[in-house]
Each structure stands twice: as structure tokens, then as C-alpha cells.
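Visitor: Next up, input02.pdb (PDB, C-alpha atoms and all ligand atoms).
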```pdb
ATOM      1  CA  MET L1100       6.562  -0.807  -5.194
ATOM      2  CA  ALA L1101       2.929  -1.062  -4.151
ATOM      3  CA  LEU L1102       1.705   1.496  -1.638
ATOM      4  CA  LEU L1103      -0.327  -1.156   0.183
ATOM      5  CA  GLU L1104       0.323  -4.863   0.279
ATOM      6  CA  VAL L1105      -1.915  -7.317   2.129
ATOM      7  CA  LYS L1106      -0.919 -10.952   2.426
ATOM      8  CA  ASN L1107      -2.923 -13.901   3.666
ATOM      9  CA  PHE L1108      -5.412 -12.081   5.894
ATOM     10  CA  THR L1109      -7.667 -14.510   7.687
ATOM     11  CA  LYS L1110     -10.244 -13.678  10.320
ATOM     12  CA  SER L1111     -12.729 -15.805  12.216
ATOM     13  CA  PHE L1112     -15.401 -14.848  14.686
ATOM     14  CA  GLY L1113     -15.771 -17.948  16.834
ATOM     15  CA  LYS L1114     -16.356 -20.820  14.412
ATOM     16  CA  LEU L1115     -17.281 -18.509  11.538
ATOM     17  CA  GLU L1116     -14.413 -18.046   9.104
ATOM     18  CA  VAL L1117     -15.094 -14.645   7.573
ATOM     19  CA  LEU L1118     -11.820 -13.981   5.740
ATOM     20  CA  LYS L1119     -10.091 -17.039   4.347
ATOM     21  CA  GLY L1120      -6.791 -15.787   2.969
ATOM     22  CA  ILE L1121      -6.978 -12.380   1.332
ATOM     23  CA  ASP L1122      -4.057 -11.139  -0.772
ATOM     24  CA  PHE L1123      -3.984  -7.937  -2.749
ATOM     25  CA  SER L1124      -1.861  -4.903  -3.401
ATOM     26  CA  LEU L1125      -2.659  -1.352  -4.387
ATOM     27  CA  GLU L1126      -0.510   1.199  -6.202
ATOM     28  CA  LYS L1127      -0.423   4.834  -5.144
ATOM     29  CA  GLY L1128      -3.142   6.946  -6.787
ATOM     30  CA  LYS L1129      -5.260   3.940  -7.773
ATOM     31  CA  VAL L1130      -8.864   3.219  -6.884
ATOM     32  CA  LEU L1131      -9.854  -0.289  -5.857
ATOM     33  CA  SER L1132     -13.513  -1.176  -5.491
ATOM     34  CA  ILE L1133     -14.656  -4.205  -3.543
ATOM     35  CA  ILE L1134     -17.983  -5.726  -4.496
ATOM     36  CA  GLY L1135     -19.720  -8.871  -3.277
ATOM     37  CA  SER L1136     -22.875 -10.102  -1.651
ATOM     38  CA  SER L1137     -23.939  -9.365   1.869
ATOM     39  CA  GLY L1138     -21.898 -11.255   4.457
ATOM     40  CA  SER L1139     -18.969 -11.959   2.123
ATOM     41  CA  GLY L1140     -16.527 -10.172   4.452
ATOM     42  CA  LYS L1141     -16.093  -6.746   2.816
ATOM     43  CA  THR L1142     -16.597  -4.647   5.946
ATOM     44  CA  THR L1143     -14.483  -7.048   7.984
ATOM     45  CA  LEU L1144     -11.638  -6.606   5.512
ATOM     46  CA  LEU L1145     -11.880  -2.795   5.707
ATOM     47  CA  ARG L1146     -11.974  -2.988   9.500
ATOM     48  CA  CYS L1147      -8.831  -5.139   9.469
ATOM     49  CA  LEU L1148      -7.050  -2.564   7.294
ATOM     50  CA  ASN L1149      -8.054   0.159   9.742
ATOM     51  CA  PHE L1150      -6.958  -1.780  12.843
ATOM     52  CA  LEU L1151     -10.532  -2.009  14.103
ATOM     53  CA  GLU L1152     -10.258  -5.803  13.880
ATOM     54  CA  THR L1153      -7.121  -7.890  14.250
ATOM     55  CA  PRO L1154      -6.599 -10.523  11.547
ATOM     56  CA  ASP L1155      -5.741 -14.018  12.811
ATOM     57  CA  THR L1156      -2.992 -14.448  10.215
ATOM     58  CA  GLY L1157      -1.307 -12.307   7.622
ATOM     59  CA  THR L1158       0.772  -9.222   7.106
ATOM     60  CA  MET L1159       0.198  -5.729   5.816
ATOM     61  CA  SER L1160       2.775  -3.270   4.585
ATOM     62  CA  VAL L1161       2.638   0.354   3.514
ATOM     63  CA  ASN L1162       5.399   1.610   1.234
ATOM     64  CA  GLY L1163       7.321  -1.581   1.918
ATOM     65  CA  ASN L1164       7.224  -1.203   5.722
ATOM     66  CA  ILE L1165       5.407  -3.933   7.578
ATOM     67  CA  ILE L1166       2.821  -2.258   9.792
ATOM     68  CA  PHE L1167       1.000  -5.425  10.811
ATOM     69  CA  ASP L1168       2.238  -8.982  11.219
ATOM     70  CA  ALA L1169      -0.083 -11.478  12.907
ATOM     71  CA  SER L1170       2.826 -13.836  13.586
ATOM     72  CA  ASN L1171       4.498 -11.197  15.743
ATOM     73  CA  LYS L1172       3.188 -12.140  19.156
ATOM     74  CA  LYS L1173       4.884  -9.273  20.985
ATOM     75  CA  ARG L1174       2.355  -6.856  22.394
ATOM     76  CA  VAL L1175       2.047  -3.807  20.150
ATOM     77  CA  SER L1176       1.534  -0.577  22.089
ATOM     78  CA  GLU L1177      -1.655   1.445  21.696
ATOM     79  CA  GLU L1178       0.490   4.314  20.479
ATOM     80  CA  ALA L1179       2.034   2.215  17.681
ATOM     81  CA  ILE L1180      -1.416   1.032  16.587
ATOM     82  CA  ARG L1181      -2.685   4.597  16.572
ATOM     83  CA  LYS L1182       0.276   5.668  14.444
ATOM     84  CA  ASN L1183      -0.219   2.798  11.998
ATOM     85  CA  ARG L1184      -3.922   3.498  11.803
ATOM     86  CA  LEU L1185      -3.100   6.981  10.471
ATOM     87  CA  HIS L1186      -2.111   5.400   7.158
ATOM     88  CA  PHE L1187      -5.829   4.833   6.618
ATOM     89  CA  GLY L1188      -8.946   6.933   6.701
ATOM     90  CA  LEU L1189     -12.363   5.303   6.947
ATOM     91  CA  VAL L1190     -15.689   6.729   5.883
ATOM     92  CA  PHE L1191     -18.638   4.724   7.189
ATOM     93  CA  GLN L1192     -22.050   4.124   5.739
ATOM     94  CA  GLN L1193     -23.675   5.968   8.664
ATOM     95  CA  PHE L1194     -21.384   9.054   8.629
ATOM     96  CA  ASN L1195     -20.647   8.800  12.393
ATOM     97  CA  LEU L1196     -20.061  12.521  12.874
ATOM     98  CA  PHE L1197     -19.758  13.898  16.405
ATOM     99  CA  PRO L1198     -23.247  15.359  16.985
ATOM    100  CA  GLN L1199     -22.105  17.859  19.631
ATOM    101  CA  TYR L1200     -19.541  19.537  17.360
ATOM    102  CA  THR L1201     -19.969  21.854  14.404
ATOM    103  CA  VAL L1202     -18.924  20.854  10.901
ATOM    104  CA  LEU L1203     -15.625  22.728  11.228
ATOM    105  CA  GLU L1204     -14.944  21.231  14.658
ATOM    106  CA  ASN L1205     -15.688  17.731  13.356
ATOM    107  CA  ILE L1206     -12.926  18.231  10.792
ATOM    108  CA  THR L1207     -10.335  19.868  13.061
ATOM    109  CA  LEU L1208     -10.864  17.751  16.181
ATOM    110  CA  ALA L1209      -8.594  14.798  15.345
ATOM    111  CA  PRO L1210      -5.698  16.891  13.952
ATOM    112  CA  LYS L1211      -5.875  19.096  17.071
ATOM    113  CA  LEU L1212      -5.892  16.078  19.378
ATOM    114  CA  ARG L1213      -2.877  14.724  17.540
ATOM    115  CA  LEU L1214      -1.146  18.077  17.926
ATOM    116  CA  GLY L1215      -1.781  17.907  21.668
ATOM    117  CA  GLU L1216       0.417  14.804  21.818
ATOM    118  CA  GLU L1217       3.417  16.657  20.387
ATOM    119  CA  LYS L1218       5.872  18.713  22.380
ATOM    120  CA  LEU L1219       5.893  22.120  20.729
ATOM    121  CA  SER L1220       6.663  25.696  21.733
ATOM    122  CA  LYS L1221       3.677  28.020  22.180
ATOM    123  CA  GLU L1222       4.456  29.839  18.923
ATOM    124  CA  ASP L1223       4.820  26.605  16.938
ATOM    125  CA  LYS L1224       1.595  25.320  18.396
ATOM    126  CA  LYS L1225      -0.238  28.469  17.349
ATOM    127  CA  LEU L1226       1.170  28.223  13.820
ATOM    128  CA  ARG L1227       0.105  24.589  13.561
ATOM    129  CA  ILE L1228      -3.408  25.351  14.829
ATOM    130  CA  ASP L1229      -3.739  28.120  12.228
ATOM    131  CA  ARG L1230      -2.611  25.595   9.628
ATOM    132  CA  ILE L1231      -5.165  22.997  10.775
ATOM    133  CA  ASN L1232      -7.928  25.602  10.502
ATOM    134  CA  THR L1233      -6.817  26.735   7.035
ATOM    135  CA  ASP L1234      -6.596  23.141   5.857
ATOM    136  CA  ALA L1235     -10.087  22.462   7.225
ATOM    137  CA  TRP L1236     -11.490  25.384   5.206
ATOM    138  CA  ASP L1237      -9.734  24.051   2.104
ATOM    139  CA  LEU L1238     -11.301  20.645   2.708
ATOM    140  CA  LEU L1239     -14.724  22.218   3.186
ATOM    141  CA  LYS L1240     -14.233  23.960  -0.129
ATOM    142  CA  ARG L1241     -13.340  20.650  -1.764
ATOM    143  CA  VAL L1242     -16.548  19.033  -0.582
ATOM    144  CA  GLY L1243     -18.578  22.187  -1.338
ATOM    145  CA  LEU L1244     -19.661  23.020   2.207
ATOM    146  CA  THR L1245     -17.964  26.275   3.256
ATOM    147  CA  ASP L1246     -21.373  27.791   3.955
ATOM    148  CA  LYS L1247     -22.121  25.070   6.524
ATOM    149  CA  ALA L1248     -18.968  25.385   8.662
ATOM    150  CA  ASP L1249     -20.882  26.429  11.787
ATOM    151  CA  TYR L1250     -23.792  24.010  11.383
ATOM    152  CA  TYR L1251     -24.269  20.940  13.559
ATOM    153  CA  PRO L1252     -24.621  17.506  11.901
ATOM    154  CA  CYS L1253     -28.347  17.330  12.728
ATOM    155  CA  GLN L1254     -28.860  20.467  10.628
ATOM    156  CA  LEU L1255     -27.425  18.823   7.490
ATOM    157  CA  SER L1256     -28.818  16.457   4.887
ATOM    158  CA  GLY L1257     -27.413  12.924   4.706
ATOM    159  CA  GLY L1258     -25.381  13.784   1.626
ATOM    160  CA  GLN L1259     -23.920  16.849   3.333
ATOM    161  CA  GLN L1260     -23.094  14.831   6.455
ATOM    162  CA  GLN L1261     -21.314  12.255   4.339
ATOM    163  CA  ARG L1262     -19.304  14.987   2.624
ATOM    164  CA  VAL L1263     -18.251  16.297   6.059
ATOM    165  CA  ALA L1264     -17.248  12.742   6.993
ATOM    166  CA  ILE L1265     -15.060  12.603   3.877
ATOM    167  CA  ALA L1266     -13.455  15.962   4.723
ATOM    168  CA  ARG L1267     -12.875  14.760   8.281
ATOM    169  CA  ALA L1268     -11.133  11.610   7.062
ATOM    170  CA  LEU L1269      -8.975  13.648   4.671
ATOM    171  CA  ALA L1270      -7.926  16.035   7.452
ATOM    172  CA  LEU L1271      -5.567  13.374   8.796
ATOM    173  CA  THR L1272      -3.968  13.016   5.319
ATOM    174  CA  PRO L1273      -4.243   9.223   5.126
ATOM    175  CA  ASP L1274      -2.274   7.275   2.514
ATOM    176  CA  VAL L1275      -5.362   5.229   1.704
ATOM    177  CA  LEU L1276      -8.930   6.440   2.063
ATOM    178  CA  CYS L1277     -11.430   3.624   2.623
ATOM    179  CA  PHE L1278     -15.172   3.883   2.096
ATOM    180  CA  ASP L1279     -17.695   1.360   3.367
ATOM    181  CA  GLU L1280     -20.810   1.758   1.219
ATOM    182  CA  PRO L1281     -20.637   5.547   1.411
ATOM    183  CA  THR L1282     -23.976   6.101  -0.285
ATOM    184  CA  SER L1283     -26.151   3.222   0.835
ATOM    185  CA  ALA L1284     -27.719   5.168   3.718
ATOM    186  CA  LEU L1285     -28.655   8.011   1.370
ATOM    187  CA  ASP L1286     -31.764   8.766  -0.639
ATOM    188  CA  PRO L1287     -31.043   8.234  -4.338
ATOM    189  CA  GLU L1288     -31.091  11.978  -5.079
ATOM    190  CA  LEU L1289     -28.295  12.551  -2.552
ATOM    191  CA  THR L1290     -25.914   9.821  -3.711
ATOM    192  CA  GLY L1291     -24.774  11.846  -6.725
ATOM    193  CA  GLU L1292     -23.204  14.638  -4.687
ATOM    194  CA  VAL L1293     -21.188  12.169  -2.603
ATOM    195  CA  LEU L1294     -20.080  10.125  -5.611
ATOM    196  CA  SER L1295     -19.028  13.330  -7.327
ATOM    197  CA  VAL L1296     -16.767  14.234  -4.363
ATOM    198  CA  ILE L1297     -15.194  10.769  -4.588
ATOM    199  CA  ARG L1298     -14.732  11.247  -8.329
ATOM    200  CA  ASP L1299     -12.937  14.551  -7.663
ATOM    201  CA  LEU L1300     -10.658  12.799  -5.184
ATOM    202  CA  LYS L1301      -9.749  10.316  -7.868
ATOM    203  CA  SER L1302      -8.811  13.175 -10.186
ATOM    204  CA  ALA L1303      -6.583  14.487  -7.393
ATOM    205  CA  ASP L1304      -4.813  11.096  -7.317
ATOM    206  CA  SER L1305      -6.039   9.927  -3.922
ATOM    207  CA  THR L1306      -5.542   6.231  -3.272
ATOM    208  CA  MET L1307      -8.890   4.718  -2.360
ATOM    209  CA  ILE L1308     -10.587   1.459  -1.471
ATOM    210  CA  ILE L1309     -14.332   1.608  -1.954
ATOM    211  CA  VAL L1310     -16.773  -1.057  -0.824
ATOM    212  CA  THR L1311     -19.869  -0.367  -2.835
ATOM    213  CA  HIS L1312     -23.108  -1.702  -4.227
ATOM    214  CA  GLU L1313     -23.122   1.047  -6.869
ATOM    215  CA  MET L1314     -21.989  -1.102  -9.779
ATOM    216  CA  ASP L1315     -22.148   1.657 -12.343
ATOM    217  CA  PHE L1316     -20.027   3.933 -10.175
ATOM    218  CA  ALA L1317     -17.532   1.130  -9.449
ATOM    219  CA  LYS L1318     -17.242   0.462 -13.155
ATOM    220  CA  HIS L1319     -16.448   4.060 -14.008
ATOM    221  CA  VAL L1320     -14.292   5.211 -11.107
ATOM    222  CA  SER L1321     -12.150   2.129 -10.381
ATOM    223  CA  ASP L1322      -8.796   1.030 -11.718
ATOM    224  CA  GLU L1323      -9.255  -2.404 -10.198
ATOM    225  CA  ILE L1324     -12.210  -4.433  -8.912
ATOM    226  CA  ILE L1325     -12.209  -7.210  -6.369
ATOM    227  CA  PHE L1326     -15.237  -9.477  -6.220
ATOM    228  CA  MET L1327     -15.446 -11.175  -2.828
ATOM    229  CA  ALA L1328     -17.471 -14.301  -2.143
ATOM    230  CA  ASN L1329     -17.504 -16.397   1.020
ATOM    231  CA  GLY L1330     -14.402 -14.768   2.489
ATOM    232  CA  VAL L1331     -12.122 -15.128  -0.531
ATOM    233  CA  ILE L1332     -11.279 -12.979  -3.524
ATOM    234  CA  GLU L1333     -13.245 -14.906  -6.096
ATOM    235  CA  GLU L1334     -12.155 -12.726  -8.984
ATOM    236  CA  GLN L1335     -10.015  -9.628  -9.461
ATOM    237  CA  GLY L1336      -9.399  -7.493 -12.512
ATOM    238  CA  THR L1337     -10.015  -4.255 -14.344
ATOM    239  CA  PRO L1338     -13.607  -2.999 -14.505
ATOM    240  CA  GLU L1339     -13.765  -4.190 -18.123
ATOM    241  CA  GLN L1340     -12.683  -7.708 -17.155
ATOM    242  CA  ILE L1341     -15.026  -8.002 -14.194
ATOM    243  CA  PHE L1342     -18.109  -6.325 -15.614
ATOM    244  CA  ASP L1343     -17.869  -7.165 -19.310
ATOM    245  CA  ASN L1344     -16.043 -10.454 -19.250
ATOM    246  CA  PRO L1345     -16.206 -12.166 -15.842
ATOM    247  CA  SER L1346     -14.695 -15.624 -15.751
ATOM    248  CA  SER L1347     -16.132 -16.957 -12.484
ATOM    249  CA  GLU L1348     -19.671 -18.337 -12.375
ATOM    250  CA  LEU L1349     -20.141 -16.726  -8.959
ATOM    251  CA  THR L1350     -19.175 -13.310 -10.350
ATOM    252  CA  LYS L1351     -21.585 -13.736 -13.241
ATOM    253  CA  ALA L1352     -24.424 -14.746 -10.908
ATOM    254  CA  PHE L1353     -23.717 -11.809  -8.579
ATOM    255  CA  LEU L1354     -23.627  -9.284 -11.423
ATOM    256  CA  ASN L1355     -26.838 -10.642 -12.952
ATOM    257  CA  LYS L1356     -28.558 -10.340  -9.593
ATOM    258  CA  SER L1357     -27.259  -6.790  -9.105
ATOM    259  CA  LEU L1358     -28.521  -5.778 -12.529
ATOM    260  CA  GLU L1359     -31.955  -7.246 -11.793
ATOM    261  CA  SER L1360     -32.317  -5.041  -8.732
ATOM    262  CA  PHE L1361     -32.207  -1.913 -10.901
TER     263      PHE L1361
HETATM  264  N1  LIG Q1401     -17.865  -8.641  15.377
HETATM  265  C1  LIG Q1401     -18.417  -9.710  14.801
HETATM  266  N2  LIG Q1401     -18.749 -10.796  15.539
HETATM  267  C2  LIG Q1401     -19.289 -11.896  14.959
HETATM  268  N3  LIG Q1401     -19.538 -12.019  13.656
HETATM  269  C3  LIG Q1401     -19.241 -10.971  12.873
HETATM  270  C4  LIG Q1401     -18.656  -9.768  13.393
HETATM  271  N4  LIG Q1401     -18.459  -8.906  12.368
HETATM  272  C5  LIG Q1401     -18.896  -9.545  11.261
HETATM  273  N5  LIG Q1401     -19.357 -10.780  11.550
HETATM  274  C6  LIG Q1401     -19.891 -11.746  10.590
HETATM  275  O1  LIG Q1401     -18.974 -11.841   9.512
HETATM  276  C7  LIG Q1401     -19.651 -12.022   8.274
HETATM  277  C8  LIG Q1401     -19.165 -10.992   7.288
HETATM  278  O2  LIG Q1401     -19.605  -9.722   7.707
HETATM  279  P1  LIG Q1401     -19.229  -8.377   6.964
HETATM  280  O3  LIG Q1401     -19.863  -7.272   7.723
HETATM  281  O4  LIG Q1401     -17.757  -8.311   6.772
HETATM  282  O5  LIG Q1401     -19.935  -8.585   5.544
HETATM  283  P2  LIG Q1401     -20.137  -7.581   4.352
HETATM  284  O6  LIG Q1401     -19.578  -8.219   3.140
HETATM  285  O7  LIG Q1401     -19.642  -6.243   4.715
HETATM  286  O8  LIG Q1401     -21.738  -7.555   4.205
HETATM  287  P3  LIG Q1401     -22.736  -6.321   3.794
HETATM  288  O9  LIG Q1401     -22.677  -6.213   2.291
HETATM  289  O10 LIG Q1401     -24.089  -6.795   4.271
HETATM  290  O11 LIG Q1401     -22.280  -5.083   4.508
HETATM  291  C9  LIG Q1401     -21.140 -11.977   8.587
HETATM  292  O12 LIG Q1401     -21.619 -13.290   8.654
HETATM  293  C10 LIG Q1401     -21.190 -11.293   9.953
HETATM  294  O13 LIG Q1401     -22.289 -11.720  10.689
HETATM  295 MG    MG Q1402     -20.531  -4.377   5.024
END
```
Could I get this file's structure written as C-alpha cells?
Ligand SMILES: Nc1ncnc2c1ncn2[C@@H]1O[C@H](COP(=O)(O)OP(=O)(O)OP(=O)(O)O)[C@@H](O)[C@H]1O
Ligand SMILES: [Mg+2]
Guide:
Amino acid sequence: MALLEVKNFTKSFGKLEVLKGIDFSLEKGKVLSIIGSSGSGKTTLLRCLNFLETPDTGTMSVNGNIIFDASNKKRVSEEAIRKNRLHFGLVFQQFNLFPQYTVLENITLAPKLRLGEEKLSKEDKKLRIDRINTDAWDLLKRVGLTDKADYYPCQLSGGQQQRVAIARALALTPDVLCFDEPTSALDPELTGEVLSVIRDLKSADSTMIIVTHEMDFAKHVSDEIIFMANGVIEEQGTPEQIFDNPSSELTKAFLNKSLESF
């Protein structure tokens, strides 16, 4: 069974139809990259997965359980949405760290807030807080930033900030980690360190959806590629199919244009 299954997502903003019927599924431990020209609906799709936008039609299930169904007109509580959102982590292009908190606090904040919502004895709470802190140090180790735990975001490079953002997303142990152009706000010399963290996550069998303009990276790290154009999945396949043997004229034109920009 697929870990994630999306069926018939559509989304319009006013008269503008941005998603026109998106279907895809993703197996556990696989990496899916989404490529496509500007305005084709990639960010909107990620935002729908993360409950930051509500699709007009469609369903989404995780491990066979429907967690979103646009045809269900009953009001879904904020709490249920928050719980469903935890299936996903999202790393933005612009890092979006909390500037007033240290690196370590940025990572532990959400797990601690979530803990606050649970009814626990004092002892259990203390044990769980210790656990959150230990996990945060492990995550810092994974992204190579233990020496920056007490720094504030403004004291870090863009690449370091993005690595903190990845650790922060992982701290909530999402089933699917989504990236929206994780390196496009970075100077070229800093993209490598972020891509290498993502590569390590792949080796650790994380399930990921990556919207990216880094074609070479997409080709080498992905199990599956989706090429989006005008709100539909124009073509989907393995990196070899999409990059070496695309069948759609739109895919070919997009790839030629991307290659030219190098
Ligand atoms: N909240 C919104 N209100 C109105 N229109 C929106 C909104 N969000 C996105 N759009 C429009 O939807 C279209 C798709 O936008 P989206 O951000 O999903 O594209 P994208 O594929 O991520 O592009 P890029 O590669 O430039 O990031 C665009 O025309 C955009 O202007
Ligand atoms: Mg976008």
C-alpha cells in the first residue's frame, strides 16, 4: 500500500484554476521530485498537502486512512487539521526560522508545544522533555551543526539556516518531508551542503517530496519525477524516463530551457 495517495486535487484562486486534477501516490522511503516552470502549481500542491491550502476537490490518504476529503462538508476541527498536518513536514525556500529563538530552541519548540497539549504526570513530562532535547541534539548532529546550538538564526549562513529548518521539520517525525525549492535562496557555494543533508536523509529511507529547479540533483536523488505544466501532471516517470527519454513535447521544451540556463 502506498504511504501517500492523492486523488483528483483541484484548486482555484478566483477564476484562476491552478491545480486541475492531480493524482499521484508515493511509497514509503521513496523520493519524489516535482519539476515544472514558474506558476505551474508546484508550491500550491505542496501547500495543499500540508493543509496550508484547502483543495476544492479530491482526497488524500496516508497509510490507507483518508485524512482529507473535499466532498466531506462537515466542519473539521482545528485540532484534527493540526493532527493531520503532522503527517507532513515542510521546508520552505526562505527557511522561516524563528529569529528570536536559538538554533536548539527552533528545533525543540514545536515538540514542546505539542507536549504541552498532553496530560502527563510531572515525572513523565520531565522524561519527555529530556527526550526532546536529546533528539534535537541528534538532529543537529545529522545536519552537522552541533557547534551552533546556541546561535541565533541571524548569526548563521543561509545554508546553515536551511539545515536548521530541515532539523526542525524532522523533529516532529513527519511521514513525508516536503521541500519547496530548498536551495534557490542560497548562493551556489552553499547549495551543496543542503543537498548533501537531503541525500543523507534519502540514505536513511526518509520519504520526501522535493520541488526543485536543481535538475541534476533531481535526476540523481529521486526515485520518481513529476513534471507539472499548467496545473496538471504532464508527465511522470523515473529520472531516466523523464530526463533521458521524455515523451511529452512540453517536458522536452522545459528540459531544454533548463539546460540552457546552465
Ligand atoms: N494565494 C493565492 N492567491 C491567488 N493566486 C495564487 C495564490 N497562490 C498561488 N497563486 C497563483 O497560482 C499560480 C501557481 O502558483 P504556484 O506558487 O503554485 O506556482 P509554482 O509552480 O510554485 O511557481 P514557482 O516555480 O515560481 O515557485 C500562480 O499563477 C500564482 O499567482
Ligand atoms: Mg513555487
Visitor: What does the list of residues within 8 Å of ligand LIG 1401 (chain Q) look like if you count all atoms listed in the file, written as number ranges by chain?
Guide: L: 1111-1113, 1115-1117, 1135-1144, 1279-1280, 1312, 1327, 1330
Visitor: What does the file look like for those residues with C-alpha atoms, as a compact mmCIF listing (two decimals), in the frame of the given file?
Guide:
```txt
# COMPACT_ATOMS: atom_id res chain seq x y z
CA SER L 1111 -12.73 -15.80 12.22
CA PHE L 1112 -15.40 -14.85 14.69
CA GLY L 1113 -15.77 -17.95 16.83
CA LEU L 1115 -17.28 -18.51 11.54
CA GLU L 1116 -14.41 -18.05 9.10
CA VAL L 1117 -15.09 -14.64 7.57
CA GLY L 1135 -19.72 -8.87 -3.28
CA SER L 1136 -22.88 -10.10 -1.65
CA SER L 1137 -23.94 -9.36 1.87
CA GLY L 1138 -21.90 -11.26 4.46
CA SER L 1139 -18.97 -11.96 2.12
CA GLY L 1140 -16.53 -10.17 4.45
CA LYS L 1141 -16.09 -6.75 2.82
CA THR L 1142 -16.60 -4.65 5.95
CA THR L 1143 -14.48 -7.05 7.98
CA LEU L 1144 -11.64 -6.61 5.51
CA ASP L 1279 -17.70 1.36 3.37
CA GLU L 1280 -20.81 1.76 1.22
CA HIS L 1312 -23.11 -1.70 -4.23
CA MET L 1327 -15.45 -11.18 -2.83
CA GLY L 1330 -14.40 -14.77 2.49
```
Visitor: How many Å lie between CA of Asp1168 (chain L) and CA of Asp1304 (chain L), rounded to one decimal?
Guide: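 Taking CA of Asp1168 (chain L) as the start and CA of Asp1304 (chain L) as the end point, the length is 28.2 Å.
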Visitor: List every protein, DNA or RNA residue that has at least one atom no more than 7 Å from (-9.0, -15.0, 5.1) in the file's coordinates, counting all atoms listed in the file, and write the result as a ChimeraX atom specification.
Guide: /L:1107-1110,1117-1121,1330-1331
Visitor: Of the residues L:Glu1152, L:Arg1227, L:Lys1182, L:Gln1261, which is the one nearest to Val1242 (chain L), using only C-alpha atoms?
Guide: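 That would be L:Gln1261, the residue with the smallest distance to Val1242 (chain L).
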Visitor: As a ChimeraX atom specification, please: the residues near Ile1134 (chain L) (cut-off 9 Å, all atoms listed in the file, same-chain neighbours under 6 positions excluded).
Guide: /L:1141,1309-1314,1317,1324-1328
Visitor: Within 9 Å of Ile1165 (chain L), counting all atoms listed in the file, which residues show up once you throw out same-chain ones fewer than 6 positions away? Write them as a ChimeraX atom specification, please.
Guide: /L:1104,1158-1159
Visitor: Using only C-alpha atoms, collect all residues at a distance of at most 9 Å from (-9.3, -7.4, -10.4) as written in the file, then present them as a list in words.
Guide: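 The answer, in the requested form, is Leu1131, Ser1132, Asp1322, Glu1323, Ile1324, Ile1325, Phe1326, Glu1334, Gln1335, Gly1336, Thr1337, Pro1338, Gln1340 and Ile1341 of chain L.
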Visitor: For Asn1183 (chain L), work out the shell of residues within 9 Å, counting all atoms listed in the file and skipping chain neighbours fewer than 6 positions away, then give it as a list of chain:residue names.
Guide: L:Asn1149, L:Phe1150, L:Ile1166, L:Phe1167
Visitor: Using only C-alpha atoms and all ligand atoms, which of the listed residues (L:Arg1213, L:Arg1146, L:Lys1356, L:Lys1351) sits closest to ligand MG 1402 (chain Q)?
Guide: L:Arg1146
Visitor: Skipping near chain neighbours, those fewer than 6 positions away, what residues fall within 7 Å of region 1271-1275 of chain L using only C-alpha atoms, listed as a PyMOL selection string?
Guide: chain L and resi 1185-1188+1210+1306-1307
Visitor: Compile the contact shell of Gly1163 (chain L) as a ChimeraX atom specification: residues with an atom at most 8 Å away, counting only C-alpha atoms, same-chain residues fewer than 2 positions apart removed.
Guide: /L:1100-1104,1160-1161,1165
Visitor: Just checking: using all atoms listed in the file, which residue out of L:Ser1347, L:Pro1281, L:Cys1253, L:Ala1209 ends up closest to ligand MG 1402 (chain Q)?
Guide: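 Among the listed residues, L:Pro1281 lies closest to ligand MG 1402 (chain Q).
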